[in-house]
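A quick write-up on the structure given underneath.
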Number of protein chains: 2
Amino acid sequence: MNPLMSSISDPAATLRFDSGQLIQEAGDAGSAWRVANGVVRFDAINPGGEPTYAGLAMEGDIVGADTLLFGRCSFRTTALTPCELVPWPGAAQAERDSLLNALMLGERRAARVVALRSGQAVERIRRLLGVFLPQATPAVFSTELPPLRDMAEITALTIETVSRTLSGLRRQGVIEPESERRGNGRKSCRIMTDLLGTT
Amino acid sequence: MNPLMSSISDPAATLRFDSGQLIQEAGDAGSAWRVANGVVRFDAINPGGEPTYAGLAMEGDIVGADTLLFGRCSFRTTALTPCELVPWPGAAQAERDSLLNALMLGERRAARVVALRSGQAVERIRRLLGVFLPQATPAVFSTELPPLRDMAEITALTIETVSRTLSGLRRQGVIEPESERRGNGRKSCRIMTDLLGTT
DNA sequence: CGAGCGATTGAACCAGGTCAAACGGGGTGG
DNA sequence: CCACCCCGTTTGACCTGGTTCAATCGCTCG
């Protein structure tokens with residue numbers, strides 16, 4: 001977490017979510033949050049009622065801006081990786097700049113999200129792995145990956161292709177499985193940053 | 001154009017762009033604008049210097065929010081269809097609400113942009129055609145389509161596939177070419193709204 | 001133990017990509 | 001005025017990366 005972030009956050013007010021956990025349901029009353037770390041997934045609920053992948057939010061992004069205007073949020077929001085959210089806008093900063101900053105980050109995040117559906121399967125997955133890395137990138141980063149189903153929806157590939165691609169990357173040594181596993185059964189893996197290519 | 005829009009806009013300050021025209025170059029000093037109508041394309045300039053498609057902005061969206069913070073814009077911005085931009089934030093509205101509204105629209109626009117790379121080729125192109133329609137949708141709408149190259153980059157298809165798909169839709173009567181042509185040689189076409197399917 | 005769910009792997013198929021050729025219209029120069 | 005070129009588009013034929021379908025595995029939980 002970068003210094004700016006931590007200086008703004010009130011540790012007491014931080015919300016923590018495990019991967020896969022629901023953050024806000026579409027239509028719920030709620031409030032706005034800033035993503036302090038981790039990756040969050042949006043789903044639009046289409047007329048039929050089924051959710052469809054609608055984008056990602058990552059470090060610095062705002063989720064639930066619409067609750068501030070309408071009192072209800074329009075997207076289902078779930079944690080893709082373990083993540084922390086802080087109330088927004090924070091008391092510590094000028095509201096105007098906070099808003100502007102959010103707006104700008106939104107543009108960039110959108111660009112990155114689009115890129116996750118560009119190019120061949122391997123490139124997409126490499127880029128997606130890059131999304132899970134924190135801003136200050138260590139040489140090797142250990143994290144828990146979301147279910148293949150999520151990765152498939154985000155990249156517009158199929159589960160099978162994602163699985164095959166990850167196997168390939170494992171063979172190349174770009175990622176390696178961690179021996180220890182979490183209580184809930186999700187496996188974590190190590191990502192070799194330098195082998196990922198430009199994020 | 002909806003009533004809210006027009007009440008806010010100062011007609012004198014409106015900027016008009018033709019399709020294909022450059023609005024802002026990445027790195028330029030500039031200012032922020034709201035899209036009053038039309039569709040605008042963002043390109044990120046990657047380290048090599050080549051632009052890559054990074055998203056769209058449409059009616060209500062803000063372009064160049066980052067110039068307000070940094071004085072320079074980070075994306076190349078070009079008009080995809082003829083469009084009009086008005087200075088932002090407009091004097092007529094409370095800045096806070098204007099910002100919040102922009103933030104919210106940004107989320108939604110991002111979701112729509114992602115959807116343009118989802119599903120089969122025909123669905124993608126249908127959705128893309130939907131993007132060119134104004135908010136209040138007439139039964140048949142006549143517009144000038146962007147070059148195939150753009151449509152291909154936006155949908156993550158190839159030019160050839162876009163061409164074939166459009167031919168198919170033409171055969172089905174979803175779109176039909178207009179006889180008259182514009183001065184600059186670009187063809188316009190009629191879109192049969194009811195045959196498009198849900199946008 | 002068996003049911004259930006996610007992940008993995010194999011094999012066949014196909015939607016879309018790739019390569020190539022041809023068209024059309026606008027602009028330029030002779 | 002015509003000849004030529006340039007560039008975007010269209011169409012055809014072939015090829016392939018990724019999807020689809022299906023079988024298996026491993027793990028968790030009742």
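Chain lettering (A, B, ...) mirrors the order of the structure tokens, residue numbering begins at 1 for each chain separately, and ligand numbering begins at 1 in order of display.
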
8 Å contact set for stretch 14-27 of chain D, only C-alpha atoms (C1' of nucleotides), chain neighbours under 5 positions out, as an MDAnalysis selection string: (chainID A and resid 157:158 161 185) or (chainID C and resid 8 13 17:18)

For N, CA and C atoms (P, O5', C5', C4', C3', O3' and C1' of nucleotides), I'd like the residues from the last selection saved as a JSON list (two decimals), in the first residue's frame.
```
[["chain", "number", "residue", "atom", "x", "y", "z"],
["A", 157, "LEU", "N", -12.60, -15.70, -22.41],
["A", 157, "LEU", "CA", -12.14, -17.02, -22.86],
["A", 157, "LEU", "C", -13.04, -18.06, -22.19],
["A", 158, "THR", "N", -12.75, -19.33, -22.41],
["A", 158, "THR", "CA", -13.51, -20.35, -21.68],
["A", 158, "THR", "C", -12.67, -20.86, -20.53],
["A", 161, "THR", "N", -9.82, -23.06, -21.66],
["A", 161, "THR", "CA", -8.67, -22.35, -22.22],
["A", 161, "THR", "C", -7.84, -21.71, -21.12],
["A", 185, "GLY", "N", -9.58, -23.96, 1.24],
["A", 185, "GLY", "CA", -9.29, -24.84, 0.13],
["A", 185, "GLY", "C", -8.79, -24.16, -1.12],
["C", 8, "DT", "P", -6.10, -26.34, -12.87],
["C", 8, "DT", "O5'", -6.16, -27.66, -13.75],
["C", 8, "DT", "C5'", -5.86, -28.91, -13.13],
["C", 8, "DT", "C4'", -6.06, -30.01, -14.14],
["C", 8, "DT", "C3'", -5.37, -29.78, -15.48],
["C", 8, "DT", "O3'", -4.40, -30.81, -15.63],
["C", 8, "DT", "C1'", -7.57, -30.62, -15.75],
["C", 13, "DC", "P", -15.30, -34.09, -35.87],
["C", 13, "DC", "O5'", -15.54, -32.56, -35.52],
["C", 13, "DC", "C5'", -16.52, -32.22, -34.55],
["C", 13, "DC", "C4'", -16.57, -30.72, -34.41],
["C", 13, "DC", "C3'", -16.77, -29.97, -35.73],
["C", 13, "DC", "O3'", -17.77, -29.01, -35.51],
["C", 13, "DC", "C1'", -14.91, -29.10, -34.58],
["C", 17, "DG", "P", -11.54, -12.50, -35.73],
["C", 17, "DG", "O5'", -10.32, -13.35, -36.28],
["C", 17, "DG", "C5'", -9.47, -14.01, -35.34],
["C", 17, "DG", "C4'", -8.24, -14.56, -36.05],
["C", 17, "DG", "C3'", -7.41, -13.52, -36.80],
["C", 17, "DG", "O3'", -6.02, -13.83, -36.63],
["C", 17, "DG", "C1'", -8.26, -15.11, -38.33],
["C", 18, "DT", "P", -4.90, -12.87, -37.25],
["C", 18, "DT", "O5'", -4.53, -13.53, -38.65],
["C", 18, "DT", "C5'", -4.21, -14.90, -38.71],
["C", 18, "DT", "C4'", -3.87, -15.28, -40.14],
["C", 18, "DT", "C3'", -3.13, -14.21, -40.94],
["C", 18, "DT", "O3'", -2.03, -14.86, -41.57],
["C", 18, "DT", "C1'", -5.04, -14.95, -42.14]]
```

Please report as CSV every residue of chain A lying within 10 Å of chain C, along with the nearest atom pair and their distance in Å (one decimal), using only C-alpha atoms (C1' of nucleotides).
```
residue,atom,partner,partner_atom,distance
A:Pro147,CA,C:DG6,C1',7.9
A:Leu148,CA,C:DA7,C1',8.1
A:Arg149,CA,C:DG6,C1',8.9
A:Ile159,CA,C:DA7,C1',9.0
A:Glu160,CA,C:DT8,C1',8.1
A:Ser163,CA,C:DT8,C1',7.1
A:Arg164,CA,C:DT8,C1',7.9
A:Ser167,CA,C:DT8,C1',9.0
```

Keeping C-alpha atoms for every residue in the selection just given, could you write it to a file as an mmCIF file, in the first residue's frame?
```
data_model
loop_
_atom_site.group_PDB
_atom_site.id
_atom_site.type_symbol
_atom_site.label_atom_id
_atom_site.label_comp_id
_atom_site.auth_asym_id
_atom_site.auth_seq_id
_atom_site.Cartn_x
_atom_site.Cartn_y
_atom_site.Cartn_z
ATOM 1 C CA PRO A 147 -11.718 -19.284 -9.675
ATOM 2 C CA LEU A 148 -11.167 -20.078 -13.363
ATOM 3 C CA ARG A 149 -14.758 -19.166 -14.008
ATOM 4 C CA ILE A 159 -12.638 -22.057 -18.427
ATOM 5 C CA GLU A 160 -10.847 -24.791 -20.331
ATOM 6 C CA SER A 163 -6.838 -23.799 -17.399
ATOM 7 C CA ARG A 164 -4.678 -24.857 -20.337
ATOM 8 C CA SER A 167 -0.768 -24.956 -17.159
#
```

Atomic separation - atom CA of A:Ile191 relative to atom CA of A:Ala57, Å: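 Answer for the atom CA of A:Ala57 to atom CA of A:Ile191 separation: 20.6 Å.
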
Could I get chain B fitted onto chain A (least squares, all C-alpha atoms, in order) as a PDB file with C-alpha atoms, in the first residue's frame?
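Written out: part_19.pdb:
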```pdb
ATOM      1  CA  MET B   1      -0.007   0.023  -0.132  1.00  0.00           C
ATOM      2  CA  ASN B   2       1.475   3.373  -1.055  1.00  0.00           C
ATOM      3  CA  PRO B   3       2.022   6.095   1.536  1.00  0.00           C
ATOM      4  CA  LEU B   4      -0.730   8.347   0.164  1.00  0.00           C
ATOM      5  CA  MET B   5      -3.219   5.549   0.571  1.00  0.00           C
ATOM      6  CA  SER B   6      -2.350   4.661   4.072  1.00  0.00           C
ATOM      7  CA  SER B   7      -2.272   8.264   5.222  1.00  0.00           C
ATOM      8  CA  ILE B   8      -5.806   8.720   4.005  1.00  0.00           C
ATOM      9  CA  SER B   9      -7.237   5.500   5.351  1.00  0.00           C
ATOM     10  CA  ASP B  10      -8.705   5.290   8.783  1.00  0.00           C
ATOM     11  CA  PRO B  11      -7.688   1.774   9.798  1.00  0.00           C
ATOM     12  CA  ALA B  12     -10.743   1.414  11.995  1.00  0.00           C
ATOM     13  CA  ALA B  13     -13.167   2.020   9.151  1.00  0.00           C
ATOM     14  CA  THR B  14     -11.508  -0.407   6.752  1.00  0.00           C
ATOM     15  CA  LEU B  15     -13.687  -3.221   5.459  1.00  0.00           C
ATOM     16  CA  ARG B  16     -12.052  -6.505   4.606  1.00  0.00           C
ATOM     17  CA  PHE B  17     -13.446  -9.039   2.164  1.00  0.00           C
ATOM     18  CA  ASP B  18     -12.351 -12.527   1.259  1.00  0.00           C
ATOM     19  CA  SER B  19     -12.123 -13.569  -2.359  1.00  0.00           C
ATOM     20  CA  GLY B  20     -15.489 -14.399  -3.782  1.00  0.00           C
ATOM     21  CA  GLN B  21     -17.338 -12.523  -1.086  1.00  0.00           C
ATOM     22  CA  LEU B  22     -20.255 -10.293  -2.075  1.00  0.00           C
ATOM     23  CA  ILE B  23     -19.600  -6.615  -1.364  1.00  0.00           C
ATOM     24  CA  GLN B  24     -22.770  -4.982  -2.637  1.00  0.00           C
ATOM     25  CA  GLU B  25     -25.800  -6.443  -4.347  1.00  0.00           C
ATOM     26  CA  ALA B  26     -27.293  -4.509  -7.258  1.00  0.00           C
ATOM     27  CA  GLY B  27     -30.261  -2.503  -6.037  1.00  0.00           C
ATOM     28  CA  ASP B  28     -29.089  -2.464  -2.439  1.00  0.00           C
ATOM     29  CA  ALA B  29     -28.888   0.699  -0.475  1.00  0.00           C
ATOM     30  CA  GLY B  30     -25.201   1.132   0.185  1.00  0.00           C
ATOM     31  CA  SER B  31     -22.461   3.648   0.187  1.00  0.00           C
ATOM     32  CA  ALA B  32     -19.331   4.445  -1.752  1.00  0.00           C
ATOM     33  CA  TRP B  33     -15.929   2.947  -1.043  1.00  0.00           C
ATOM     34  CA  ARG B  34     -12.446   3.286  -2.319  1.00  0.00           C
ATOM     35  CA  VAL B  35     -10.463   0.139  -3.017  1.00  0.00           C
ATOM     36  CA  ALA B  36      -7.368   0.288  -0.825  1.00  0.00           C
ATOM     37  CA  ASN B  37      -5.998  -2.985  -2.164  1.00  0.00           C
ATOM     38  CA  GLY B  38      -7.131  -6.102  -3.948  1.00  0.00           C
ATOM     39  CA  VAL B  39      -9.318  -6.430  -7.017  1.00  0.00           C
ATOM     40  CA  VAL B  40     -13.080  -6.098  -7.185  1.00  0.00           C
ATOM     41  CA  ARG B  41     -15.444  -7.312  -9.856  1.00  0.00           C
ATOM     42  CA  PHE B  42     -18.591  -5.598 -11.156  1.00  0.00           C
ATOM     43  CA  ASP B  43     -21.549  -7.377 -12.650  1.00  0.00           C
ATOM     44  CA  ALA B  44     -24.471  -5.723 -14.329  1.00  0.00           C
ATOM     45  CA  ILE B  45     -27.756  -7.486 -13.707  1.00  0.00           C
ATOM     46  CA  ASN B  46     -29.445  -7.743 -17.061  1.00  0.00           C
ATOM     47  CA  PRO B  47     -33.211  -7.717 -17.584  1.00  0.00           C
ATOM     48  CA  GLY B  48     -33.385 -11.511 -17.305  1.00  0.00           C
ATOM     49  CA  GLY B  49     -31.878 -11.306 -13.846  1.00  0.00           C
ATOM     50  CA  GLU B  50     -28.554 -13.007 -14.627  1.00  0.00           C
ATOM     51  CA  PRO B  51     -25.425 -11.118 -13.789  1.00  0.00           C
ATOM     52  CA  THR B  52     -22.911 -10.366 -16.533  1.00  0.00           C
ATOM     53  CA  TYR B  53     -19.357  -9.282 -16.045  1.00  0.00           C
ATOM     54  CA  ALA B  54     -19.107  -5.510 -16.356  1.00  0.00           C
ATOM     55  CA  GLY B  55     -15.613  -4.540 -15.278  1.00  0.00           C
ATOM     56  CA  LEU B  56     -13.051  -4.413 -12.521  1.00  0.00           C
ATOM     57  CA  ALA B  57     -11.985  -1.964  -9.860  1.00  0.00           C
ATOM     58  CA  MET B  58      -8.555  -1.936  -8.366  1.00  0.00           C
ATOM     59  CA  GLU B  59      -6.363   0.018  -5.982  1.00  0.00           C
ATOM     60  CA  GLY B  60      -7.606   3.608  -5.838  1.00  0.00           C
ATOM     61  CA  ASP B  61     -10.852   3.041  -7.714  1.00  0.00           C
ATOM     62  CA  ILE B  62     -14.232   4.007  -6.349  1.00  0.00           C
ATOM     63  CA  VAL B  63     -17.050   1.513  -6.088  1.00  0.00           C
ATOM     64  CA  GLY B  64     -20.669   2.518  -5.643  1.00  0.00           C
ATOM     65  CA  ALA B  65     -20.447   6.127  -6.816  1.00  0.00           C
ATOM     66  CA  ASP B  66     -24.058   5.834  -7.875  1.00  0.00           C
ATOM     67  CA  THR B  67     -25.264   5.256  -4.324  1.00  0.00           C
ATOM     68  CA  LEU B  68     -24.196   8.826  -3.575  1.00  0.00           C
ATOM     69  CA  LEU B  69     -26.551  10.066  -6.249  1.00  0.00           C
ATOM     70  CA  PHE B  70     -29.381   7.548  -6.163  1.00  0.00           C
ATOM     71  CA  GLY B  71     -29.073   5.818  -2.823  1.00  0.00           C
ATOM     72  CA  ARG B  72     -28.848   2.427  -4.543  1.00  0.00           C
ATOM     73  CA  CYS B  73     -26.040   0.795  -6.416  1.00  0.00           C
ATOM     74  CA  SER B  74     -26.540  -0.483  -9.909  1.00  0.00           C
ATOM     75  CA  PHE B  75     -23.869  -3.193 -10.040  1.00  0.00           C
ATOM     76  CA  ARG B  76     -23.314  -6.347  -8.089  1.00  0.00           C
ATOM     77  CA  THR B  77     -19.888  -6.028  -6.562  1.00  0.00           C
ATOM     78  CA  THR B  78     -17.789  -8.990  -5.430  1.00  0.00           C
ATOM     79  CA  ALA B  79     -14.238  -9.421  -4.212  1.00  0.00           C
ATOM     80  CA  LEU B  80     -12.048 -11.155  -6.757  1.00  0.00           C
ATOM     81  CA  THR B  81      -9.059 -11.311  -4.455  1.00  0.00           C
ATOM     82  CA  PRO B  82      -8.982 -10.611  -0.742  1.00  0.00           C
ATOM     83  CA  CYS B  83      -9.361  -6.845  -0.544  1.00  0.00           C
ATOM     84  CA  GLU B  84      -9.823  -3.857   1.680  1.00  0.00           C
ATOM     85  CA  LEU B  85     -12.227  -0.968   1.146  1.00  0.00           C
ATOM     86  CA  VAL B  86     -12.312   2.358   2.939  1.00  0.00           C
ATOM     87  CA  PRO B  87     -15.252   4.775   3.112  1.00  0.00           C
ATOM     88  CA  TRP B  88     -15.273   7.389   0.399  1.00  0.00           C
ATOM     89  CA  PRO B  89     -14.838  10.290   0.126  1.00  0.00           C
ATOM     90  CA  GLY B  90     -12.374  10.272   2.993  1.00  0.00           C
ATOM     91  CA  ALA B  91     -12.554  13.124   5.465  1.00  0.00           C
ATOM     92  CA  ALA B  92      -8.834  13.715   5.128  1.00  0.00           C
ATOM     93  CA  GLN B  93      -8.857  15.021   1.589  1.00  0.00           C
ATOM     94  CA  ALA B  94     -10.489  17.814  -0.380  1.00  0.00           C
ATOM     95  CA  GLU B  95     -13.596  16.369  -1.905  1.00  0.00           C
ATOM     96  CA  ARG B  96     -13.104  17.975  -5.260  1.00  0.00           C
ATOM     97  CA  ASP B  97      -9.678  16.489  -5.770  1.00  0.00           C
ATOM     98  CA  SER B  98     -10.833  13.188  -4.477  1.00  0.00           C
ATOM     99  CA  LEU B  99     -13.609  13.144  -7.052  1.00  0.00           C
ATOM    100  CA  LEU B 100     -11.414  14.271  -9.873  1.00  0.00           C
ATOM    101  CA  ASN B 101      -8.830  11.712  -9.008  1.00  0.00           C
ATOM    102  CA  ALA B 102     -11.443   8.991  -8.970  1.00  0.00           C
ATOM    103  CA  LEU B 103     -12.686  10.081 -12.353  1.00  0.00           C
ATOM    104  CA  MET B 104      -9.239   9.931 -13.832  1.00  0.00           C
ATOM    105  CA  LEU B 105      -8.431   6.562 -12.336  1.00  0.00           C
ATOM    106  CA  GLY B 106     -11.716   5.326 -13.724  1.00  0.00           C
ATOM    107  CA  GLU B 107     -10.644   6.152 -17.253  1.00  0.00           C
ATOM    108  CA  ARG B 108      -7.394   4.317 -16.805  1.00  0.00           C
ATOM    109  CA  ARG B 109      -8.900   1.330 -15.126  1.00  0.00           C
ATOM    110  CA  ALA B 110     -11.380   1.048 -17.991  1.00  0.00           C
ATOM    111  CA  ALA B 111      -8.534   0.999 -20.474  1.00  0.00           C
ATOM    112  CA  ARG B 112      -6.833  -1.785 -18.582  1.00  0.00           C
ATOM    113  CA  VAL B 113     -10.021  -3.779 -18.364  1.00  0.00           C
ATOM    114  CA  VAL B 114     -10.455  -3.557 -22.116  1.00  0.00           C
ATOM    115  CA  ALA B 115      -6.886  -4.725 -22.610  1.00  0.00           C
ATOM    116  CA  LEU B 116      -7.755  -7.909 -20.733  1.00  0.00           C
ATOM    117  CA  ARG B 117      -9.824  -8.896 -23.755  1.00  0.00           C
ATOM    118  CA  SER B 118      -7.193  -8.038 -26.348  1.00  0.00           C
ATOM    119  CA  GLY B 119      -4.768 -10.322 -28.096  1.00  0.00           C
ATOM    120  CA  GLN B 120      -4.147 -14.039 -27.738  1.00  0.00           C
ATOM    121  CA  ALA B 121      -5.138 -16.152 -24.779  1.00  0.00           C
ATOM    122  CA  VAL B 122      -1.660 -16.167 -23.227  1.00  0.00           C
ATOM    123  CA  GLU B 123      -1.318 -12.405 -23.428  1.00  0.00           C
ATOM    124  CA  ARG B 124      -4.695 -11.950 -21.812  1.00  0.00           C
ATOM    125  CA  ILE B 125      -3.884 -14.216 -18.917  1.00  0.00           C
ATOM    126  CA  ARG B 126      -0.478 -12.635 -18.462  1.00  0.00           C
ATOM    127  CA  ARG B 127      -2.119  -9.233 -18.296  1.00  0.00           C
ATOM    128  CA  LEU B 128      -4.693 -10.559 -15.871  1.00  0.00           C
ATOM    129  CA  LEU B 129      -1.976 -11.892 -13.601  1.00  0.00           C
ATOM    130  CA  GLY B 130      -0.455  -8.433 -13.757  1.00  0.00           C
ATOM    131  CA  VAL B 131      -3.686  -7.013 -12.400  1.00  0.00           C
ATOM    132  CA  PHE B 132      -3.275  -8.984  -9.200  1.00  0.00           C
ATOM    133  CA  LEU B 133       0.145  -7.549  -8.491  1.00  0.00           C
ATOM    134  CA  PRO B 134       0.353  -4.614  -6.081  1.00  0.00           C
ATOM    135  CA  GLN B 135       1.576  -1.264  -7.450  1.00  0.00           C
ATOM    136  CA  ALA B 136       5.047  -1.625  -6.021  1.00  0.00           C
ATOM    137  CA  THR B 137       5.925  -4.903  -7.671  1.00  0.00           C
ATOM    138  CA  PRO B 138       8.237  -7.362  -5.946  1.00  0.00           C
ATOM    139  CA  ALA B 139      10.253  -9.848  -8.011  1.00  0.00           C
ATOM    140  CA  VAL B 140       8.021 -12.682  -6.906  1.00  0.00           C
ATOM    141  CA  PHE B 141       4.548 -12.176  -5.570  1.00  0.00           C
ATOM    142  CA  SER B 142       2.438 -14.747  -3.856  1.00  0.00           C
ATOM    143  CA  THR B 143      -1.320 -14.507  -4.178  1.00  0.00           C
ATOM    144  CA  GLU B 144      -4.485 -16.500  -4.336  1.00  0.00           C
ATOM    145  CA  LEU B 145      -6.037 -16.593  -7.813  1.00  0.00           C
ATOM    146  CA  PRO B 146      -9.788 -16.287  -8.338  1.00  0.00           C
ATOM    147  CA  PRO B 147     -11.743 -19.276  -9.679  1.00  0.00           C
ATOM    148  CA  LEU B 148     -11.190 -20.086 -13.359  1.00  0.00           C
ATOM    149  CA  ARG B 149     -14.773 -19.161 -14.000  1.00  0.00           C
ATOM    150  CA  ASP B 150     -14.038 -15.538 -13.085  1.00  0.00           C
ATOM    151  CA  MET B 151     -10.821 -15.403 -15.019  1.00  0.00           C
ATOM    152  CA  ALA B 152     -12.653 -16.767 -18.042  1.00  0.00           C
ATOM    153  CA  GLU B 153     -15.411 -14.183 -17.889  1.00  0.00           C
ATOM    154  CA  ILE B 154     -12.962 -11.331 -17.460  1.00  0.00           C
ATOM    155  CA  THR B 155     -10.828 -12.330 -20.426  1.00  0.00           C
ATOM    156  CA  ALA B 156     -13.675 -13.512 -22.648  1.00  0.00           C
ATOM    157  CA  LEU B 157     -12.129 -16.972 -22.852  1.00  0.00           C
ATOM    158  CA  THR B 158     -13.511 -20.306 -21.683  1.00  0.00           C
ATOM    159  CA  ILE B 159     -12.658 -22.039 -18.439  1.00  0.00           C
ATOM    160  CA  GLU B 160     -10.864 -24.769 -20.345  1.00  0.00           C
ATOM    161  CA  THR B 161      -8.686 -22.327 -22.238  1.00  0.00           C
ATOM    162  CA  VAL B 162      -7.801 -20.494 -19.038  1.00  0.00           C
ATOM    163  CA  SER B 163      -6.874 -23.775 -17.396  1.00  0.00           C
ATOM    164  CA  ARG B 164      -4.695 -24.844 -20.322  1.00  0.00           C
ATOM    165  CA  THR B 165      -3.039 -21.437 -20.492  1.00  0.00           C
ATOM    166  CA  LEU B 166      -2.249 -21.460 -16.786  1.00  0.00           C
ATOM    167  CA  SER B 167      -0.784 -24.950 -17.146  1.00  0.00           C
ATOM    168  CA  GLY B 168       1.398 -23.595 -19.928  1.00  0.00           C
ATOM    169  CA  LEU B 169       2.589 -20.686 -17.812  1.00  0.00           C
ATOM    170  CA  ARG B 170       3.255 -23.084 -14.952  1.00  0.00           C
ATOM    171  CA  ARG B 171       5.388 -25.187 -17.281  1.00  0.00           C
ATOM    172  CA  GLN B 172       7.288 -22.054 -18.310  1.00  0.00           C
ATOM    173  CA  GLY B 173       7.858 -21.166 -14.685  1.00  0.00           C
ATOM    174  CA  VAL B 174       5.934 -17.895 -14.849  1.00  0.00           C
ATOM    175  CA  ILE B 175       3.774 -19.068 -11.972  1.00  0.00           C
ATOM    176  CA  GLU B 176       4.261 -21.872  -9.506  1.00  0.00           C
ATOM    177  CA  PRO B 177       1.819 -23.435  -7.095  1.00  0.00           C
ATOM    178  CA  GLU B 178       2.354 -22.935  -3.366  1.00  0.00           C
ATOM    179  CA  SER B 179       2.510 -26.089  -1.333  1.00  0.00           C
ATOM    180  CA  GLU B 180       0.531 -24.831   1.642  1.00  0.00           C
ATOM    181  CA  ARG B 181      -3.149 -24.170   1.196  1.00  0.00           C
ATOM    182  CA  ARG B 182      -5.534 -21.795   2.821  1.00  0.00           C
ATOM    183  CA  GLY B 183      -8.197 -22.906   5.261  1.00  0.00           C
ATOM    184  CA  ASN B 184     -11.012 -22.499   2.758  1.00  0.00           C
ATOM    185  CA  GLY B 185      -9.304 -24.755   0.256  1.00  0.00           C
ATOM    186  CA  ARG B 186      -8.252 -22.146  -2.283  1.00  0.00           C
ATOM    187  CA  LYS B 187      -4.781 -22.598  -3.620  1.00  0.00           C
ATOM    188  CA  SER B 188      -2.337 -19.738  -3.817  1.00  0.00           C
ATOM    189  CA  CYS B 189       0.479 -19.378  -6.296  1.00  0.00           C
ATOM    190  CA  ARG B 190       3.670 -17.462  -6.802  1.00  0.00           C
ATOM    191  CA  ILE B 191       3.947 -15.077  -9.751  1.00  0.00           C
ATOM    192  CA  MET B 192       7.416 -14.450 -11.183  1.00  0.00           C
ATOM    193  CA  THR B 193       7.076 -10.803 -12.029  1.00  0.00           C
ATOM    194  CA  ASP B 194       9.979 -10.567 -14.442  1.00  0.00           C
ATOM    195  CA  LEU B 195       8.645 -13.396 -16.600  1.00  0.00           C
ATOM    196  CA  LEU B 196       5.249 -11.765 -16.986  1.00  0.00           C
ATOM    197  CA  GLY B 197       6.215  -9.207 -19.611  1.00  0.00           C
ATOM    198  CA  THR B 198       4.978  -5.629 -19.641  1.00  0.00           C
ATOM    199  CA  THR B 199       1.801  -5.295 -17.725  1.00  0.00           C
TER     200      THR B 199
END
```

Helix (DSSP H, G or I) call set, DSSP backbone run, stretch 60-181 of chain B, as a VMD selection string: chain B and resid 65 to 70 95 to 115 121 to 132 148 to 155 159 to 172

Interface rows for chain D against chain B: nearest pair, Å to one decimal, 9 Å, only C-alpha atoms (C1' of nucleotides), as a tab-separated table:
```
residue	atom	partner	partner_atom	distance
D:DG8	C1'	B:Pro147	CA	7.8
D:DT9	C1'	B:Ser163	CA	7.5
D:DT10	C1'	B:Ser163	CA	7.1
D:DT11	C1'	B:Arg164	CA	8.5
```

Strand (DSSP E or B) positions in stretch 6-173 of chain A, given as a VMD selection string: chain A and resid 15 to 17 22 to 24 29 33 to 37 40 to 45 51 to 57 62 to 63 72 75 to 79 83 to 87 140 to 144
